[in-house]
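For reference, the structure discussed in these notes is given below.
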Amino acid sequence: MTTLRAHPRVQSLPLSTIFVAALMASVPLENCTVLPAIGSISRLIGLVATGMVVLDAALKLGFRRWHAAYLPLLLFVVWSAWSYIWSVYPPYTRERITTNLQLLVFVWVIWQAVRNLRDLRVVLQGFVIGACCAAVWTMVNARDLHAYSGIRFSGAGSDPNELGLTLVIGMVMAFYISTTSPTSFKRVLWLIPFPLCIVAVILTVSRSAAIETALALLCISFWHVMTSSKLRFAPIVGGVVLLAIGAAFVPKANFRRLSTIESEISTGHIGARGQLWKAGIQMFEQRPILGTGAATFAFAAEPIIGRDLAAHNTYVSVLTETGMIGFLLFATALVTFGLLSLTLRCNERFLWLIVMLVWGLGVFSLTFEYKKTTWCVFGLLVATSSVSEMAPARPRRLRRMYKQAEMIPAKA
């Protein structure tokens with residue numbers, strides 16, 4: 001009697017990695033469903049994924065020591081928790097402490113699960129699939145005219161600007177998966193997220209996401225030129241074509257809003273965010289060292305602007321809430337991650353440099369320091385550095401040049 005055996009690659013894939021990939025898929029869909037006494041669907045999946053990671057590590061894989069690059073991030077969390085002592089509204093700071101601790105566990109789970117490049121690809125695929133689901137959800141809402149506000153559409157209950165940044169990050173990850181895929185079929189398959197994400201970004205009518213999309217397409221084209229000699233400018237040409245196709249199906253009112261990008265930037269209005277940033281700088285001048293306390297920007301800004309609104313700028317939010325010390329810790333973490341990405345292999349280096357560049361631009365208009373997407377990027381970047389220990393792989397174009405040079409006979 002013959003027995004069926006699992007494929008070796010499937011058999012060797014830890015169960016914890018599959019659950020972490022499912023956790024990554026839930027990040028773009030975090031607000032789609034709220035469960036009683038638990039919260040978002042991603043929290044439930046996170047609990048299960050954490051249990052599986054602990055179980056796998058205890059029984060088979062072993063626990064990994066934390067990477068030194070996480071230290072500035074850990075110190076930032078500690079300082080944010082310490083700000084509870086002088087917080088202008090302790091209940092908000094207490095909630096942020098809980099959130100930050102959960103995010104630290106989230107990063108630890110990623111660090112424990114991603115142990116090789118195959119695990120990295122699986123986890124990235126999970127995030128990209130989640131982004132595609134959110135993009136399709138946005139299109140469905142647009143078709144049914146379920147607008148987020150006015151003419152703007154968003155899937156999975158997310159803010160359009162936050163969803164736009166998440167989709168652009170997912171698009172960059174999809175290109176990495178496509179570039180590193182072993183077969184032509186898989187390379188084409190993982191380009192499908194491009195049209196989905198681009199059309200969804202147009203439907204969100206997010207001006208910041210439109211700029212991020214253009215930046216990502218430009219960087220991806222440079223990436224493609226450096227690593228391939230075939231169809232060098234295909235990504236940017238394809239992106240322009242997709243933007244044109246998406247534009248044909250989008251109401252004119254959407255483009256009237258997108259056309260105000262130049263005037264909003266030149267006047268400093270930026271969707272009324274300029275007023276919030278000025279209020280943040282004013283609060284920083286009053287408490288420059290310690291800040292107002294984590295998660296208290298809206299409470300502290302209400303007497304100044306008359307409304308309790310978030311900073312809509314990660315840098316201003318961190319500077320105002322945690323003071324100069326917290327801002328320096330957060331900035332040190334960002335610089336550490338940027339420098340770390342420069343040490344990676346070719347494709348991984350392009351992946352995380354572009355993601356960090358897009359993220360750094362996107363959070364100028366978002367309060368994103370406590371969002372799962374941000375910590376997902378941080379966790380995966382450091383985990384990538386630990387699995388790229390093989391000799392740096394030259395891009396295909398450079399490999400071909402070296403090979404041709406070796407075939408030229410040396411002169412006597």
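Each chain of the structure tokens is named A, B, ... in the order shown, its residues numbered from 1; ligands are numbered from 1 in display order.
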Contact table segment 257-369 of chain A vs segment 167-180 of chain A, cut-off 10 Å, shortest pair per residue, only C-alpha atoms, as a tab-separated table:
```
residue	atom	partner	partner_atom	distance
A:Asn347	CA	A:Tyr176	CA	6.9
A:Glu348	CA	A:Tyr176	CA	7.7
A:Phe350	CA	A:Tyr176	CA	8.5
A:Leu351	CA	A:Tyr176	CA	6.3
A:Trp352	CA	A:Met173	CA	8.9
A:Ile354	CA	A:Val172	CA	7.5
A:Val355	CA	A:Ile169	CA	6.0
A:Met356	CA	A:Ile169	CA	9.0
A:Val358	CA	A:Ile169	CA	7.3
A:Trp359	CA	A:Ile169	CA	7.7
A:Gly362	CA	A:Val168	CA	9.7
```
Go ahead and save the picked residues with C-alpha atoms, as a PDB file, in the first residue's frame.
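Produced file result-v2.pdb, reproduced below:
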```
ATOM      1  CA  ASN A 347      16.988  42.763  -4.061  1.00  0.00           C
ATOM      2  CA  GLU A 348      16.406  42.935  -0.317  1.00  0.00           C
ATOM      3  CA  PHE A 350      16.082  47.755  -2.910  1.00  0.00           C
ATOM      4  CA  LEU A 351      12.959  46.380  -1.223  1.00  0.00           C
ATOM      5  CA  TRP A 352      13.531  47.962   2.168  1.00  0.00           C
ATOM      6  CA  ILE A 354      12.048  51.850  -1.207  1.00  0.00           C
ATOM      7  CA  VAL A 355       9.639  50.800   1.546  1.00  0.00           C
ATOM      8  CA  MET A 356      11.382  53.040   4.091  1.00  0.00           C
ATOM      9  CA  VAL A 358       7.724  55.542   0.835  1.00  0.00           C
ATOM     10  CA  TRP A 359       6.904  55.142   4.522  1.00  0.00           C
ATOM     11  CA  GLY A 362       3.737  58.893   3.741  1.00  0.00           C
TER      12      GLY A 362
END
```
Counting only C-alpha atoms, the option among A:Gly164, A:Trp223, A:Val188, A:Trp108 closest to Val205 of chain A: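 Selected residue with least distance to Val205 of chain A: A:Gly164.
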Segment 110-118 of chain A environment, 6 Å, only C-alpha atoms, sequence neighbours closer than 4 positions dropped, as a ChimeraX atom specification: /A:17,383,387
Run DSSP on the backbone and tell me which residues of segment 157-201 of chain A come out as alpha helix (DSSP H); list them as a ChimeraX atom specification. /A:160-179,184-189,193-201
Output file for the residues above (N, CA and C atoms, as an mmCIF file, in the first residue's frame):
```cif
data_model
loop_
_atom_site.group_PDB
_atom_site.id
_atom_site.type_symbol
_atom_site.label_atom_id
_atom_site.label_comp_id
_atom_site.auth_asym_id
_atom_site.auth_seq_id
_atom_site.Cartn_x
_atom_site.Cartn_y
_atom_site.Cartn_z
ATOM 1 N N PRO A 160 -8.821 56.359 4.336
ATOM 2 C CA PRO A 160 -8.297 56.307 2.961
ATOM 3 C C PRO A 160 -6.813 56.593 2.854
ATOM 4 N N ASN A 161 -6.303 57.560 3.639
ATOM 5 C CA ASN A 161 -4.884 57.888 3.565
ATOM 6 C C ASN A 161 -4.021 56.748 4.103
ATOM 7 N N GLU A 162 -4.457 56.141 5.209
ATOM 8 C CA GLU A 162 -3.708 55.022 5.773
ATOM 9 C C GLU A 162 -3.754 53.819 4.844
ATOM 10 N N LEU A 163 -4.926 53.572 4.267
ATOM 11 C CA LEU A 163 -5.047 52.461 3.329
ATOM 12 C C LEU A 163 -4.160 52.689 2.108
ATOM 13 N N GLY A 164 -4.104 53.936 1.618
ATOM 14 C CA GLY A 164 -3.277 54.232 0.455
ATOM 15 C C GLY A 164 -1.816 53.917 0.691
ATOM 16 N N LEU A 165 -1.285 54.322 1.850
ATOM 17 C CA LEU A 165 0.118 54.029 2.168
ATOM 18 C C LEU A 165 0.340 52.527 2.281
ATOM 19 N N THR A 166 -0.588 51.824 2.915
ATOM 20 C CA THR A 166 -0.466 50.368 3.058
ATOM 21 C C THR A 166 -0.461 49.675 1.697
ATOM 22 N N LEU A 167 -1.293 50.146 0.781
ATOM 23 C CA LEU A 167 -1.350 49.540 -0.548
ATOM 24 C C LEU A 167 -0.056 49.773 -1.324
ATOM 25 N N VAL A 168 0.514 50.953 -1.190
ATOM 26 C CA VAL A 168 1.769 51.231 -1.900
ATOM 27 C C VAL A 168 2.890 50.352 -1.356
ATOM 28 N N ILE A 169 2.947 50.190 -0.044
ATOM 29 C CA ILE A 169 3.955 49.302 0.553
ATOM 30 C C ILE A 169 3.743 47.873 0.066
ATOM 31 N N GLY A 170 2.502 47.426 0.010
ATOM 32 C CA GLY A 170 2.207 46.097 -0.501
ATOM 33 C C GLY A 170 2.612 45.935 -1.953
ATOM 34 N N MET A 171 2.487 47.001 -2.724
ATOM 35 C CA MET A 171 2.881 46.950 -4.140
ATOM 36 C C MET A 171 4.386 46.751 -4.285
ATOM 37 N N VAL A 172 5.166 47.433 -3.449
ATOM 38 C CA VAL A 172 6.626 47.270 -3.493
ATOM 39 C C VAL A 172 7.001 45.840 -3.085
ATOM 40 N N MET A 173 6.348 45.316 -2.059
ATOM 41 C CA MET A 173 6.615 43.941 -1.634
ATOM 42 C C MET A 173 6.255 42.955 -2.745
ATOM 43 N N ALA A 174 5.174 43.214 -3.455
ATOM 44 C CA ALA A 174 4.768 42.329 -4.551
ATOM 45 C C ALA A 174 5.824 42.310 -5.653
ATOM 46 N N PHE A 175 6.430 43.458 -5.933
ATOM 47 C CA PHE A 175 7.470 43.492 -6.958
ATOM 48 C C PHE A 175 8.691 42.683 -6.518
ATOM 49 N N TYR A 176 9.021 42.751 -5.229
ATOM 50 C CA TYR A 176 10.140 41.938 -4.728
ATOM 51 C C TYR A 176 9.845 40.449 -4.904
ATOM 52 N N ILE A 177 8.633 40.037 -4.556
ATOM 53 C CA ILE A 177 8.262 38.628 -4.693
ATOM 54 C C ILE A 177 8.325 38.209 -6.153
ATOM 55 N N SER A 178 7.843 39.081 -7.040
ATOM 56 C CA SER A 178 7.887 38.780 -8.471
ATOM 57 C C SER A 178 9.325 38.664 -8.966
ATOM 58 N N THR A 179 10.171 39.607 -8.552
ATOM 59 C CA THR A 179 11.565 39.618 -9.016
ATOM 60 C C THR A 179 12.334 38.393 -8.561
ATOM 61 N N SER A 184 8.680 32.015 -14.611
ATOM 62 C CA SER A 184 8.027 33.130 -15.296
ATOM 63 C C SER A 184 6.572 33.265 -14.873
ATOM 64 N N PHE A 185 5.899 32.129 -14.668
ATOM 65 C CA PHE A 185 4.495 32.171 -14.259
ATOM 66 C C PHE A 185 4.329 32.891 -12.927
ATOM 67 N N LYS A 186 5.173 32.563 -11.962
ATOM 68 C CA LYS A 186 5.069 33.215 -10.655
ATOM 69 C C LYS A 186 5.459 34.677 -10.738
ATOM 70 N N ARG A 187 6.425 35.003 -11.602
ATOM 71 C CA ARG A 187 6.808 36.409 -11.737
ATOM 72 C C ARG A 187 5.642 37.238 -12.263
ATOM 73 N N VAL A 188 4.903 36.687 -13.208
ATOM 74 C CA VAL A 188 3.738 37.400 -13.736
ATOM 75 C C VAL A 188 2.604 37.407 -12.711
ATOM 76 N N LEU A 189 2.435 36.300 -12.018
ATOM 77 C CA LEU A 189 1.348 36.180 -11.035
ATOM 78 C C LEU A 189 1.453 37.252 -9.960
ATOM 79 N N PRO A 193 -1.011 42.302 -8.154
ATOM 80 C CA PRO A 193 -1.343 43.358 -7.181
ATOM 81 C C PRO A 193 -1.154 44.777 -7.695
ATOM 82 N N PHE A 194 -0.315 44.977 -8.739
ATOM 83 C CA PHE A 194 -0.085 46.328 -9.238
ATOM 84 C C PHE A 194 -1.364 47.020 -9.705
ATOM 85 N N PRO A 195 -2.121 46.434 -10.662
ATOM 86 C CA PRO A 195 -3.344 47.122 -11.086
ATOM 87 C C PRO A 195 -4.365 47.263 -9.964
ATOM 88 N N LEU A 196 -4.470 46.251 -9.101
ATOM 89 C CA LEU A 196 -5.428 46.324 -7.997
ATOM 90 C C LEU A 196 -5.101 47.482 -7.060
ATOM 91 N N CYS A 197 -3.835 47.579 -6.657
ATOM 92 C CA CYS A 197 -3.443 48.614 -5.694
ATOM 93 C C CYS A 197 -3.514 50.009 -6.310
ATOM 94 N N ILE A 198 -3.106 50.144 -7.571
ATOM 95 C CA ILE A 198 -3.116 51.462 -8.204
ATOM 96 C C ILE A 198 -4.535 51.988 -8.365
ATOM 97 N N VAL A 199 -5.441 51.138 -8.824
ATOM 98 C CA VAL A 199 -6.838 51.563 -8.973
ATOM 99 C C VAL A 199 -7.436 51.898 -7.611
ATOM 100 N N ALA A 200 -7.129 51.090 -6.594
ATOM 101 C CA ALA A 200 -7.655 51.361 -5.256
ATOM 102 C C ALA A 200 -7.121 52.674 -4.696
ATOM 103 N N VAL A 201 -5.843 52.975 -4.962
ATOM 104 C CA VAL A 201 -5.268 54.247 -4.508
ATOM 105 C C VAL A 201 -6.007 55.417 -5.152
#
```
Applying 10 Å and only C-alpha atoms, which residues near segment 41-57 of chain A remain after dropping the ones on its own chain fewer than 2 positions away? List them as number ranges by chain. A: 14-35, 38-39, 59-64, 102, 105-106, 108-113, 372
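Rounded to one decimal, atom CA of Glu321 of chain A and atom CA of Phe297 of chain A lie 6.2 Å from each other.
Pairwise distance (atom CA of Leu309 of chain A, atom CA of Phe364 of chain A) equals 15.4 Å.
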